[in-house]
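Pasting coords-v4.txt here (compact mmCIF, C-alpha atoms):
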# COMPACT_ATOMS: atom_id res chain seq x y z
CA MET A 279 -42.07 163.07 93.85
CA ASP A 280 -38.50 164.31 93.78
CA LEU A 281 -37.31 167.53 95.36
CA THR A 282 -34.32 169.37 93.97
CA LEU A 283 -31.76 171.24 96.05
CA THR A 284 -29.54 173.99 94.70
CA PRO A 285 -26.15 174.38 96.38
CA ILE A 286 -25.84 177.89 97.80
CA GLY A 287 -22.08 177.58 98.25
CA HIS A 288 -19.22 175.29 99.26
CA ILE A 289 -16.97 174.57 102.24
CA ARG A 290 -13.31 175.56 102.00
CA SER A 291 -11.45 173.61 104.67
CA SER A 292 -8.05 172.20 105.56
CA ILE A 293 -9.82 168.83 106.06
CA LYS A 294 -9.26 167.14 102.71
CA THR A 295 -10.00 163.45 103.31
CA LEU A 296 -12.66 161.43 105.13
CA ASP A 297 -9.91 159.69 107.13
CA SER A 298 -8.85 162.98 108.69
CA ALA A 299 -12.37 164.25 109.41
CA PRO A 300 -13.79 163.95 112.93
CA LYS A 301 -17.32 162.56 113.25
CA MET A 302 -18.78 165.54 115.09
CA GLU A 303 -18.03 169.24 115.27
CA ASP A 304 -17.32 169.10 119.00
CA GLU A 305 -14.56 166.51 118.64
CA PRO A 306 -10.81 167.08 118.24
CA GLY A 307 -9.97 167.77 114.61
CA ALA A 308 -12.83 170.14 113.80
CA VAL A 309 -11.37 173.35 112.41
CA ARG A 310 -12.05 176.95 111.54
CA ALA A 311 -13.26 176.85 107.94
CA ILE A 312 -14.69 179.07 105.20
CA VAL A 313 -18.22 178.93 103.79
CA GLU A 314 -18.03 180.44 100.32
CA ILE A 315 -21.49 181.49 99.18
CA THR A 316 -22.33 181.66 95.46
CA PRO A 317 -22.70 185.32 94.30
CA GLU A 318 -26.39 184.91 93.40
CA PHE A 319 -27.22 184.08 97.04
CA ALA A 320 -24.90 186.61 98.70
CA SER A 321 -27.58 189.25 99.36
CA SER A 322 -29.55 186.73 101.45
CA LEU A 323 -26.72 186.80 104.02
CA ASN A 324 -27.80 190.29 105.08
CA GLY A 325 -28.35 190.38 108.85
CA LEU A 326 -25.72 187.77 109.78
CA LYS A 327 -23.24 189.10 112.33
CA PRO A 328 -20.02 187.75 113.88
CA GLY A 329 -20.68 185.83 117.07
CA MET A 330 -24.00 184.41 115.92
CA ALA A 331 -24.68 180.70 116.45
CA LEU A 332 -25.68 179.13 113.14
CA GLU A 333 -27.05 175.87 111.86
CA LEU A 334 -25.12 175.05 108.71
CA PHE A 335 -26.72 172.52 106.38
CA THR A 336 -24.47 170.60 104.00
CA TRP A 337 -24.77 167.75 101.51
CA PHE A 338 -22.54 164.75 102.24
CA HIS A 339 -21.61 164.35 98.60
CA LEU A 340 -19.45 161.25 99.16
CA SER A 341 -22.17 159.25 100.94
CA ASP A 342 -23.71 155.97 99.86
CA ARG A 343 -27.44 156.72 99.91
CA SER A 344 -28.47 153.07 99.66
CA VAL A 345 -27.19 152.21 103.16
CA THR A 346 -30.05 151.45 105.60
CA HIS A 347 -28.13 150.21 108.69
CA VAL A 348 -24.75 151.13 110.18
CA HIS A 349 -22.59 150.36 113.19
CA PRO A 350 -22.94 153.47 115.40
CA ARG A 351 -19.86 155.64 114.89
CA GLY A 352 -18.42 152.91 112.63
CA ASP A 353 -17.65 150.83 115.75
CA LYS A 354 -18.01 147.18 114.66
CA SER A 355 -18.30 146.02 118.28
CA ARG A 356 -21.70 147.74 118.40
CA PRO A 357 -24.71 146.17 116.66
CA LYS A 358 -25.98 147.78 113.46
CA ARG A 359 -28.90 150.16 113.73
CA GLY A 360 -31.21 151.88 111.25
CA VAL A 361 -29.58 155.04 109.89
CA PHE A 362 -32.39 157.26 111.23
CA SER A 363 -31.34 156.36 114.79
CA THR A 364 -27.77 157.53 114.00
CA ARG A 365 -26.11 160.64 112.59
CA SER A 366 -24.21 158.64 109.98
CA PRO A 367 -23.57 160.47 106.69
CA GLN A 368 -24.79 157.31 104.93
CA ARG A 369 -28.59 157.88 104.65
CA PRO A 370 -31.25 158.28 101.96
CA ASN A 371 -30.93 162.07 101.96
CA PRO A 372 -27.35 162.80 103.06
CA ILE A 373 -27.99 166.14 104.75
CA GLY A 374 -25.35 167.28 107.23
CA LEU A 375 -26.28 169.59 110.09
CA HIS A 376 -23.47 171.46 111.85
CA ARG A 377 -23.80 173.91 114.69
CA VAL A 378 -21.11 176.56 114.28
CA THR A 379 -20.21 180.06 115.40
CA LEU A 380 -19.84 182.79 112.80
CA VAL A 381 -16.35 184.18 113.41
CA SER A 382 -16.32 186.78 110.64
CA ILE A 383 -18.11 187.68 107.44
CA GLU A 384 -16.62 189.49 104.46
CA GLY A 385 -18.86 189.74 101.43
CA ALA A 386 -19.99 186.21 100.60
CA ARG A 387 -17.23 184.56 102.66
CA LEU A 388 -18.15 183.34 106.13
CA GLU A 389 -15.51 182.15 108.55
CA VAL A 390 -17.03 179.57 110.95
CA GLU A 391 -15.90 177.18 113.67
CA PRO A 392 -15.76 174.41 114.69
CA LEU A 393 -16.49 172.49 111.49
CA GLU A 394 -15.74 168.87 110.66
CA ALA A 395 -17.00 168.93 107.05
CA LEU A 396 -14.67 168.10 104.15
CA ASP A 397 -13.25 170.65 101.75
CA ASN A 398 -15.60 171.15 98.75
CA THR A 399 -18.72 169.92 100.57
CA PRO A 400 -21.82 171.64 99.09
CA VAL A 401 -23.70 173.99 101.44
CA ILE A 402 -27.50 173.97 101.12
CA ASP A 403 -28.82 176.21 103.89
CA ILE A 404 -27.90 178.49 106.80
CA LYS A 405 -30.25 179.27 109.69
CA PRO A 406 -29.69 181.17 112.93
CA VAL A 407 -29.99 178.94 115.99
CA PRO A 408 -33.44 179.59 117.53
CA GLN A 409 -33.43 182.22 120.25
CA THR A 410 -35.33 181.86 123.46
CA ASP A 411 -36.19 185.55 123.27
CA PRO A 412 -39.06 185.84 120.71
CA ASP A 413 -38.01 189.38 119.81
CA GLN A 414 -34.74 188.04 118.52
CA ARG A 415 -36.31 185.61 116.12
CA MET B 28 -25.07 170.90 90.05
CA ASP B 29 -28.48 169.86 91.35
CA LEU B 30 -29.05 167.50 94.24
CA THR B 31 -32.20 165.42 94.45
CA LEU B 32 -34.04 164.59 97.65
CA THR B 33 -36.38 161.66 98.04
CA PRO B 34 -39.22 162.08 100.56
CA ILE B 35 -38.97 159.36 103.22
CA GLY B 36 -42.51 160.03 104.45
CA HIS B 37 -45.12 162.65 105.24
CA ILE B 38 -46.58 164.54 108.21
CA ARG B 39 -50.12 163.73 109.31
CA SER B 40 -51.32 166.62 111.44
CA SER B 41 -54.44 168.42 112.58
CA ILE B 42 -52.77 171.64 111.31
CA LYS B 43 -54.26 172.00 107.84
CA THR B 44 -53.58 175.60 106.81
CA LEU B 45 -50.64 178.03 107.00
CA ASP B 46 -52.85 180.53 108.84
CA SER B 47 -53.34 178.11 111.72
CA ALA B 48 -49.69 177.02 111.94
CA PRO B 49 -47.43 178.52 114.61
CA LYS B 50 -44.02 179.74 113.48
CA MET B 51 -41.98 177.60 115.85
CA GLU B 52 -42.46 174.27 117.61
CA ASP B 53 -42.19 175.82 121.07
CA GLU B 54 -45.08 178.24 120.47
CA PRO B 55 -48.77 177.75 121.28
CA GLY B 56 -50.48 175.80 118.52
CA ALA B 57 -47.81 173.16 117.94
CA VAL B 58 -49.42 169.74 118.27
CA ARG B 59 -48.81 166.04 118.66
CA ALA B 60 -48.55 164.73 115.10
CA ILE B 61 -47.77 161.59 113.12
CA VAL B 62 -44.74 161.02 110.91
CA GLU B 63 -45.73 158.33 108.42
CA ILE B 64 -42.63 156.76 106.89
CA THR B 65 -42.77 155.18 103.43
CA PRO B 66 -42.53 151.35 103.64
CA GLU B 67 -39.23 151.20 101.74
CA PHE B 68 -37.53 153.28 104.48
CA ALA B 69 -39.21 151.68 107.50
CA SER B 70 -36.33 149.34 108.38
CA SER B 71 -34.02 152.35 108.80
CA LEU B 72 -36.09 153.39 111.85
CA ASN B 73 -34.61 150.48 113.82
CA GLY B 74 -33.09 151.78 117.06
CA LEU B 75 -35.52 154.67 117.60
CA LYS B 76 -37.19 154.52 121.02
CA PRO B 77 -39.97 156.50 122.72
CA GLY B 78 -38.61 159.43 124.70
CA MET B 79 -35.76 160.16 122.27
CA ALA B 80 -35.17 163.75 121.20
CA LEU B 81 -35.13 163.93 117.41
CA GLU B 82 -34.29 166.40 114.70
CA LEU B 83 -37.00 166.09 112.09
CA PHE B 84 -36.20 167.50 108.64
CA THR B 85 -39.07 168.51 106.38
CA TRP B 86 -39.56 170.20 103.03
CA PHE B 87 -41.67 173.38 103.14
CA HIS B 88 -43.54 172.43 99.97
CA LEU B 89 -45.63 175.63 99.88
CA SER B 90 -42.65 178.01 100.03
CA ASP B 91 -41.60 180.58 97.46
CA ARG B 92 -37.95 179.71 96.82
CA SER B 93 -37.21 182.95 94.98
CA VAL B 94 -37.60 185.11 98.10
CA THR B 95 -34.25 186.58 99.27
CA HIS B 96 -35.37 188.98 102.05
CA VAL B 97 -38.21 188.84 104.60
CA HIS B 98 -39.56 190.79 107.55
CA PRO B 99 -38.48 188.71 110.59
CA ARG B 100 -41.49 186.65 111.74
CA GLY B 101 -43.59 188.42 109.07
CA ASP B 102 -43.65 191.54 111.27
CA LYS B 103 -43.76 194.52 108.85
CA SER B 104 -42.60 196.92 111.57
CA ARG B 105 -39.21 195.19 111.48
CA PRO B 106 -36.83 195.84 108.55
CA LYS B 107 -36.36 193.11 105.96
CA ARG B 108 -33.34 190.85 106.34
CA GLY B 109 -31.66 188.22 104.19
CA VAL B 110 -33.42 184.87 104.55
CA PHE B 111 -30.24 183.17 105.85
CA SER B 112 -30.40 185.37 108.97
CA THR B 113 -33.98 184.17 109.61
CA ARG B 114 -35.77 180.82 109.94
CA SER B 115 -38.39 181.82 107.35
CA PRO B 116 -39.76 178.93 105.25
CA GLN B 117 -39.18 181.16 102.20
CA ARG B 118 -35.58 180.34 101.19
CA PRO B 119 -33.66 178.85 98.24
CA ASN B 120 -33.80 175.33 99.73
CA PRO B 121 -36.93 175.25 101.91
CA ILE B 122 -35.71 172.74 104.49
CA GLY B 123 -37.56 172.74 107.81
CA LEU B 124 -35.81 171.61 110.98
CA HIS B 125 -37.98 170.68 113.97
CA ARG B 126 -36.81 169.44 117.33
CA VAL B 127 -39.38 166.96 118.64
CA THR B 128 -39.77 164.18 121.17
CA LEU B 129 -40.66 160.70 119.96
CA VAL B 130 -43.82 159.81 121.91
CA SER B 131 -44.42 156.37 120.41
CA ILE B 132 -43.46 154.25 117.44
CA GLU B 133 -45.56 151.55 115.83
CA GLY B 134 -44.19 150.08 112.64
CA ALA B 135 -43.49 152.99 110.30
CA ARG B 136 -45.70 155.43 112.23
CA LEU B 137 -43.98 157.81 114.62
CA GLU B 138 -45.97 159.94 117.04
CA VAL B 139 -44.02 163.14 117.83
CA GLU B 140 -44.52 166.43 119.67
CA PRO B 141 -44.55 169.38 119.58
CA LEU B 142 -44.75 169.93 115.83
CA GLU B 143 -45.88 173.02 113.93
CA ALA B 144 -45.59 171.56 110.39
CA LEU B 145 -48.62 171.37 108.12
CA ASP B 146 -50.48 168.17 107.28
CA ASN B 147 -48.97 166.50 104.18
CA THR B 148 -45.54 168.14 104.55
CA PRO B 149 -42.85 165.84 103.08
CA VAL B 150 -40.31 164.46 105.56
CA ILE B 151 -36.73 164.16 104.29
CA ASP B 152 -34.61 163.03 107.27
CA ILE B 153 -34.65 162.06 110.94
CA LYS B 154 -31.60 162.28 113.21
CA PRO B 155 -31.22 161.76 116.95
CA VAL B 156 -30.26 164.96 118.77
CA PRO B 157 -26.51 164.74 119.51
CA GLN B 158 -25.71 163.32 122.92
CA THR B 159 -23.06 164.78 125.15
CA ASP B 160 -22.07 161.25 126.14
CA PRO B 161 -19.98 159.91 123.22
CA ASP B 162 -21.01 156.31 124.01
CA GLN B 163 -24.60 157.23 123.24
CA ARG B 164 -23.86 158.53 119.76
Any chance you could put this one into structure tokens?
Amino acid sequence: MDLTLTPIGHIRSSIKTLDSAPKMEDEPGAVRAIVEITPEFASSLNGLKPGMALELFTWFHLSDRSVTHVHPRGDKSRPKRGVFSTRSPQRPNPIGLHRVTLVSIEGARLEVEPLEALDNTPVIDIKPVPQTDPDQR
Amino acid sequence: MDLTLTPIGHIRSSIKTLDSAPKMEDEPGAVRAIVEITPEFASSLNGLKPGMALELFTWFHLSDRSVTHVHPRGDKSRPKRGVFSTRSPQRPNPIGLHRVTLVSIEGARLEVEPLEALDNTPVIDIKPVPQTDPDQR
């Protein structure tokens, strides 16, 4: 069984190459970036407000999906581990998960930070971070 | 552009119907469940240890992907909002994200809790929850 994803938009970022991208959003080098949502999905953004904490799901389009083991953080002094015990972009389904703050929203253009994803990375989902207050869910 | 996911396994749970499933993993009704990984992906589990906090990614296979707006938590007294401002399973790419604890691991069988996903739900990724200590990443 195969499952098909439809990109809902793309990242527009000053980070243009893998070499210049940090490994995690809380590391130096993560930037303020734009999430440009495709017009057909724009109405589903209704309810998002600046200041909200979001989970941004992306597709690591440059990944090698056949990789099963990696050195954690690419550090060759550390033994290789199965990819499911790491957050490596190399994995069977190269889904990226980024926790960001929504800085501003204008139409289908979301400004978010901090984001370490590359320019042109496909976006596949956006969810609000779960609230502890059930009324806010 | 379409992106294809490959299920890496399935959920085995005592939760058999949507009516009996809680909406979130921290609500009453979430259970201890099994994640059964397909043999071809089993070696990529290497490095996972009981007690680890994991992000489990699933595919809400019963969802209606054409839905753009929902009542938050299905509560009709609350106005409809765009699906990207909710965690509704109805969304263009019905990816589920569950934060669970790994209770035990035996071969390609992971026991996790608490999980609100339905029996037979496809699993698409597993990541360790990010550590604040960079050496643990």
Considering all atoms listed in the file, can you say which of A:Glu391, A:Asp342, A:Glu305, A:Asp297 comes closest to chain B?
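Smallest distance to chain B is found for A:Glu305.
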Pick out the chain B residues within 8 Å of chain A. Count all atoms listed in the file. Give them as a compact mmCIF listing (two decimals) with C-alpha atoms, keeping the file's coordinate frame.
# COMPACT_ATOMS: atom_id res chain seq x y z
CA MET B 28 -25.07 170.90 90.05
CA ASP B 29 -28.48 169.86 91.35
CA LEU B 30 -29.05 167.50 94.24
CA THR B 31 -32.20 165.42 94.45
CA LEU B 32 -34.04 164.59 97.65
CA THR B 33 -36.38 161.66 98.04
CA PRO B 34 -39.22 162.08 100.56
CA ILE B 35 -38.97 159.36 103.22
CA PHE B 68 -37.53 153.28 104.48
CA SER B 70 -36.33 149.34 108.38
CA SER B 71 -34.02 152.35 108.80
CA LEU B 72 -36.09 153.39 111.85
CA ASN B 73 -34.61 150.48 113.82
CA GLY B 74 -33.09 151.78 117.06
CA LEU B 75 -35.52 154.67 117.60
CA THR B 95 -34.25 186.58 99.27
CA HIS B 96 -35.37 188.98 102.05
CA PRO B 99 -38.48 188.71 110.59
CA ARG B 100 -41.49 186.65 111.74
CA ARG B 108 -33.34 190.85 106.34
CA GLY B 109 -31.66 188.22 104.19
CA VAL B 110 -33.42 184.87 104.55
CA PHE B 111 -30.24 183.17 105.85
CA SER B 112 -30.40 185.37 108.97
CA THR B 113 -33.98 184.17 109.61
CA ARG B 114 -35.77 180.82 109.94
CA PRO B 119 -33.66 178.85 98.24
CA ASN B 120 -33.80 175.33 99.73
CA ILE B 122 -35.71 172.74 104.49
CA ILE B 151 -36.73 164.16 104.29
CA ASP B 152 -34.61 163.03 107.27
CA ILE B 153 -34.65 162.06 110.94
CA LYS B 154 -31.60 162.28 113.21
CA PRO B 155 -31.22 161.76 116.95
CA ARG B 164 -23.86 158.53 119.76
Superimpose chain B on chain A so that the squared distances between all in-order C-alpha pairs are minimised, and send the result as a PDB file with C-alpha atoms, in the coordinates of the input.
ATOM      1  CA  MET B  28     -42.052 163.018  93.894  1.00  0.00           C
ATOM      2  CA  ASP B  29     -38.480 164.293  93.795  1.00  0.00           C
ATOM      3  CA  LEU B  30     -37.307 167.526  95.351  1.00  0.00           C
ATOM      4  CA  THR B  31     -34.317 169.373  93.959  1.00  0.00           C
ATOM      5  CA  LEU B  32     -31.763 171.239  96.035  1.00  0.00           C
ATOM      6  CA  THR B  33     -29.551 173.982  94.695  1.00  0.00           C
ATOM      7  CA  PRO B  34     -26.143 174.386  96.373  1.00  0.00           C
ATOM      8  CA  ILE B  35     -25.840 177.908  97.800  1.00  0.00           C
ATOM      9  CA  GLY B  36     -22.074 177.565  98.241  1.00  0.00           C
ATOM     10  CA  HIS B  37     -19.220 175.298  99.251  1.00  0.00           C
ATOM     11  CA  ILE B  38     -16.956 174.576 102.230  1.00  0.00           C
ATOM     12  CA  ARG B  39     -13.297 175.557 102.004  1.00  0.00           C
ATOM     13  CA  SER B  40     -11.449 173.609 104.672  1.00  0.00           C
ATOM     14  CA  SER B  41      -8.054 172.206 105.559  1.00  0.00           C
ATOM     15  CA  ILE B  42      -9.830 168.834 106.050  1.00  0.00           C
ATOM     16  CA  LYS B  43      -9.263 167.136 102.705  1.00  0.00           C
ATOM     17  CA  THR B  44     -10.002 163.450 103.298  1.00  0.00           C
ATOM     18  CA  LEU B  45     -12.670 161.416 105.123  1.00  0.00           C
ATOM     19  CA  ASP B  46      -9.940 159.670 107.128  1.00  0.00           C
ATOM     20  CA  SER B  47      -8.851 162.959 108.674  1.00  0.00           C
ATOM     21  CA  ALA B  48     -12.373 164.235 109.399  1.00  0.00           C
ATOM     22  CA  PRO B  49     -13.796 163.951 112.918  1.00  0.00           C
ATOM     23  CA  LYS B  50     -17.316 162.572 113.236  1.00  0.00           C
ATOM     24  CA  MET B  51     -18.785 165.539 115.078  1.00  0.00           C
ATOM     25  CA  GLU B  52     -18.038 169.256 115.289  1.00  0.00           C
ATOM     26  CA  ASP B  53     -17.335 169.118 119.021  1.00  0.00           C
ATOM     27  CA  GLU B  54     -14.578 166.506 118.645  1.00  0.00           C
ATOM     28  CA  PRO B  55     -10.832 167.075 118.241  1.00  0.00           C
ATOM     29  CA  GLY B  56      -9.986 167.771 114.616  1.00  0.00           C
ATOM     30  CA  ALA B  57     -12.845 170.138 113.801  1.00  0.00           C
ATOM     31  CA  VAL B  58     -11.377 173.350 112.412  1.00  0.00           C
ATOM     32  CA  ARG B  59     -12.052 176.956 111.542  1.00  0.00           C
ATOM     33  CA  ALA B  60     -13.280 176.860 107.945  1.00  0.00           C
ATOM     34  CA  ILE B  61     -14.697 179.075 105.211  1.00  0.00           C
ATOM     35  CA  VAL B  62     -18.217 178.935 103.802  1.00  0.00           C
ATOM     36  CA  GLU B  63     -18.034 180.454 100.327  1.00  0.00           C
ATOM     37  CA  ILE B  64     -21.497 181.497  99.172  1.00  0.00           C
ATOM     38  CA  THR B  65     -22.327 181.669  95.462  1.00  0.00           C
ATOM     39  CA  PRO B  66     -22.697 185.310  94.287  1.00  0.00           C
ATOM     40  CA  GLU B  67     -26.376 184.910  93.381  1.00  0.00           C
ATOM     41  CA  PHE B  68     -27.212 184.085  97.034  1.00  0.00           C
ATOM     42  CA  ALA B  69     -24.897 186.606  98.705  1.00  0.00           C
ATOM     43  CA  SER B  70     -27.569 189.247  99.358  1.00  0.00           C
ATOM     44  CA  SER B  71     -29.540 186.729 101.442  1.00  0.00           C
ATOM     45  CA  LEU B  72     -26.709 186.794 104.021  1.00  0.00           C
ATOM     46  CA  ASN B  73     -27.779 190.298 105.076  1.00  0.00           C
ATOM     47  CA  GLY B  74     -28.352 190.374 108.840  1.00  0.00           C
ATOM     48  CA  LEU B  75     -25.723 187.772 109.774  1.00  0.00           C
ATOM     49  CA  LYS B  76     -23.242 189.098 112.342  1.00  0.00           C
ATOM     50  CA  PRO B  77     -20.024 187.754 113.883  1.00  0.00           C
ATOM     51  CA  GLY B  78     -20.683 185.842 117.087  1.00  0.00           C
ATOM     52  CA  MET B  79     -24.020 184.406 115.920  1.00  0.00           C
ATOM     53  CA  ALA B  80     -24.683 180.710 116.450  1.00  0.00           C
ATOM     54  CA  LEU B  81     -25.684 179.137 113.145  1.00  0.00           C
ATOM     55  CA  GLU B  82     -27.065 175.883 111.859  1.00  0.00           C
ATOM     56  CA  LEU B  83     -25.133 175.064 108.721  1.00  0.00           C
ATOM     57  CA  PHE B  84     -26.718 172.515 106.371  1.00  0.00           C
ATOM     58  CA  THR B  85     -24.475 170.594 103.995  1.00  0.00           C
ATOM     59  CA  TRP B  86     -24.775 167.758 101.507  1.00  0.00           C
ATOM     60  CA  PHE B  87     -22.551 164.745 102.247  1.00  0.00           C
ATOM     61  CA  HIS B  88     -21.605 164.354  98.586  1.00  0.00           C
ATOM     62  CA  LEU B  89     -19.450 161.248  99.160  1.00  0.00           C
ATOM     63  CA  SER B  90     -22.169 159.248 100.941  1.00  0.00           C
ATOM     64  CA  ASP B  91     -23.712 155.963  99.871  1.00  0.00           C
ATOM     65  CA  ARG B  92     -27.443 156.716  99.912  1.00  0.00           C
ATOM     66  CA  SER B  93     -28.466 153.066  99.663  1.00  0.00           C
ATOM     67  CA  VAL B  94     -27.183 152.203 103.150  1.00  0.00           C
ATOM     68  CA  THR B  95     -30.043 151.444 105.598  1.00  0.00           C
ATOM     69  CA  HIS B  96     -28.130 150.196 108.684  1.00  0.00           C
ATOM     70  CA  VAL B  97     -24.742 151.130 110.180  1.00  0.00           C
ATOM     71  CA  HIS B  98     -22.586 150.350 113.192  1.00  0.00           C
ATOM     72  CA  PRO B  99     -22.954 153.462 115.408  1.00  0.00           C
ATOM     73  CA  ARG B 100     -19.857 155.647 114.899  1.00  0.00           C
ATOM     74  CA  GLY B 101     -18.425 152.908 112.636  1.00  0.00           C
ATOM     75  CA  ASP B 102     -17.647 150.830 115.743  1.00  0.00           C
ATOM     76  CA  LYS B 103     -18.012 147.163 114.663  1.00  0.00           C
ATOM     77  CA  SER B 104     -18.315 146.007 118.279  1.00  0.00           C
ATOM     78  CA  ARG B 105     -21.697 147.749 118.424  1.00  0.00           C
ATOM     79  CA  PRO B 106     -24.712 146.177 116.660  1.00  0.00           C
ATOM     80  CA  LYS B 107     -25.966 147.770 113.454  1.00  0.00           C
ATOM     81  CA  ARG B 108     -28.897 150.158 113.727  1.00  0.00           C
ATOM     82  CA  GLY B 109     -31.201 151.882 111.261  1.00  0.00           C
ATOM     83  CA  VAL B 110     -29.578 155.033 109.887  1.00  0.00           C
ATOM     84  CA  PHE B 111     -32.400 157.252 111.230  1.00  0.00           C
ATOM     85  CA  SER B 112     -31.337 156.364 114.790  1.00  0.00           C
ATOM     86  CA  THR B 113     -27.777 157.534 113.999  1.00  0.00           C
ATOM     87  CA  ARG B 114     -26.132 160.672 112.590  1.00  0.00           C
ATOM     88  CA  SER B 115     -24.216 158.650 109.980  1.00  0.00           C
ATOM     89  CA  PRO B 116     -23.576 160.480 106.681  1.00  0.00           C
ATOM     90  CA  GLN B 117     -24.805 157.309 104.937  1.00  0.00           C
ATOM     91  CA  ARG B 118     -28.580 157.875 104.652  1.00  0.00           C
ATOM     92  CA  PRO B 119     -31.264 158.257 101.958  1.00  0.00           C
ATOM     93  CA  ASN B 120     -30.924 162.067 101.943  1.00  0.00           C
ATOM     94  CA  PRO B 121     -27.348 162.793 103.058  1.00  0.00           C
ATOM     95  CA  ILE B 122     -27.991 166.140 104.740  1.00  0.00           C
ATOM     96  CA  GLY B 123     -25.355 167.281 107.229  1.00  0.00           C
ATOM     97  CA  LEU B 124     -26.289 169.594 110.086  1.00  0.00           C
ATOM     98  CA  HIS B 125     -23.475 171.458 111.853  1.00  0.00           C
ATOM     99  CA  ARG B 126     -23.806 173.915 114.691  1.00  0.00           C
ATOM    100  CA  VAL B 127     -21.114 176.571 114.280  1.00  0.00           C
ATOM    101  CA  THR B 128     -20.229 180.068 115.405  1.00  0.00           C
ATOM    102  CA  LEU B 129     -19.854 182.800 112.804  1.00  0.00           C
ATOM    103  CA  VAL B 130     -16.349 184.190 113.405  1.00  0.00           C
ATOM    104  CA  SER B 131     -16.326 186.792 110.634  1.00  0.00           C
ATOM    105  CA  ILE B 132     -18.120 187.702 107.442  1.00  0.00           C
ATOM    106  CA  GLU B 133     -16.640 189.501 104.464  1.00  0.00           C
ATOM    107  CA  GLY B 134     -18.853 189.748 101.422  1.00  0.00           C
ATOM    108  CA  ALA B 135     -19.982 186.216 100.594  1.00  0.00           C
ATOM    109  CA  ARG B 136     -17.232 184.559 102.657  1.00  0.00           C
ATOM    110  CA  LEU B 137     -18.161 183.328 106.115  1.00  0.00           C
ATOM    111  CA  GLU B 138     -15.514 182.152 108.557  1.00  0.00           C
ATOM    112  CA  VAL B 139     -17.034 179.577 110.950  1.00  0.00           C
ATOM    113  CA  GLU B 140     -15.915 177.186 113.686  1.00  0.00           C
ATOM    114  CA  PRO B 141     -15.761 174.416 114.695  1.00  0.00           C
ATOM    115  CA  LEU B 142     -16.501 172.503 111.501  1.00  0.00           C
ATOM    116  CA  GLU B 143     -15.742 168.875 110.664  1.00  0.00           C
ATOM    117  CA  ALA B 144     -17.001 168.928 107.037  1.00  0.00           C
ATOM    118  CA  LEU B 145     -14.667 168.108 104.165  1.00  0.00           C
ATOM    119  CA  ASP B 146     -13.247 170.669 101.750  1.00  0.00           C
ATOM    120  CA  ASN B 147     -15.582 171.141  98.750  1.00  0.00           C
ATOM    121  CA  THR B 148     -18.716 169.931 100.567  1.00  0.00           C
ATOM    122  CA  PRO B 149     -21.805 171.653  99.090  1.00  0.00           C
ATOM    123  CA  VAL B 150     -23.691 173.982 101.440  1.00  0.00           C
ATOM    124  CA  ILE B 151     -27.487 173.969 101.112  1.00  0.00           C
ATOM    125  CA  ASP B 152     -28.827 176.230 103.894  1.00  0.00           C
ATOM    126  CA  ILE B 153     -27.898 178.491 106.799  1.00  0.00           C
ATOM    127  CA  LYS B 154     -30.250 179.284 109.687  1.00  0.00           C
ATOM    128  CA  PRO B 155     -29.685 181.175 112.929  1.00  0.00           C
ATOM    129  CA  VAL B 156     -29.985 178.933 115.988  1.00  0.00           C
ATOM    130  CA  PRO B 157     -33.427 179.601 117.527  1.00  0.00           C
ATOM    131  CA  GLN B 158     -33.397 182.225 120.247  1.00  0.00           C
ATOM    132  CA  THR B 159     -35.311 181.833 123.458  1.00  0.00           C
ATOM    133  CA  ASP B 160     -36.190 185.524 123.283  1.00  0.00           C
ATOM    134  CA  PRO B 161     -39.022 185.786 120.715  1.00  0.00           C
ATOM    135  CA  ASP B 162     -38.006 189.365 119.818  1.00  0.00           C
ATOM    136  CA  GLN B 163     -34.692 188.045 118.554  1.00  0.00           C
ATOM    137  CA  ARG B 164     -36.232 185.585 116.121  1.00  0.00           C
TER     138      ARG B 164
END
Proximity to Glu63 in chain B - best of B:His98, B:Arg39, B:Arg92, B:Lys103, only C-alpha atoms:
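Checking each of B:His98, B:Arg39, B:Arg92, B:Lys103 against Glu63 in chain B, counting only C-alpha atoms, the winner is B:Arg39.
Put simply, CA of His37 in chain B is 28.9 Å away from CA of Lys301 in chain A.
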What does the distance between CA of Thr85 in chain B and CA of Gly36 in chain B come to in Å, to one decimal place?
9.4 Å
CA of Asp146 in chain B and CA of Pro77 in chain B are how many Å apart?
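We find that CA of Asp146 in chain B and CA of Pro77 in chain B lie 22.0 Å from each other.
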Distance query 9 Å from (-17.7, 171.4, 103.5) using all atoms listed in the file, result as number ranges by chain:
A: 288-291, 293, 311-313, 336-338, 393-401
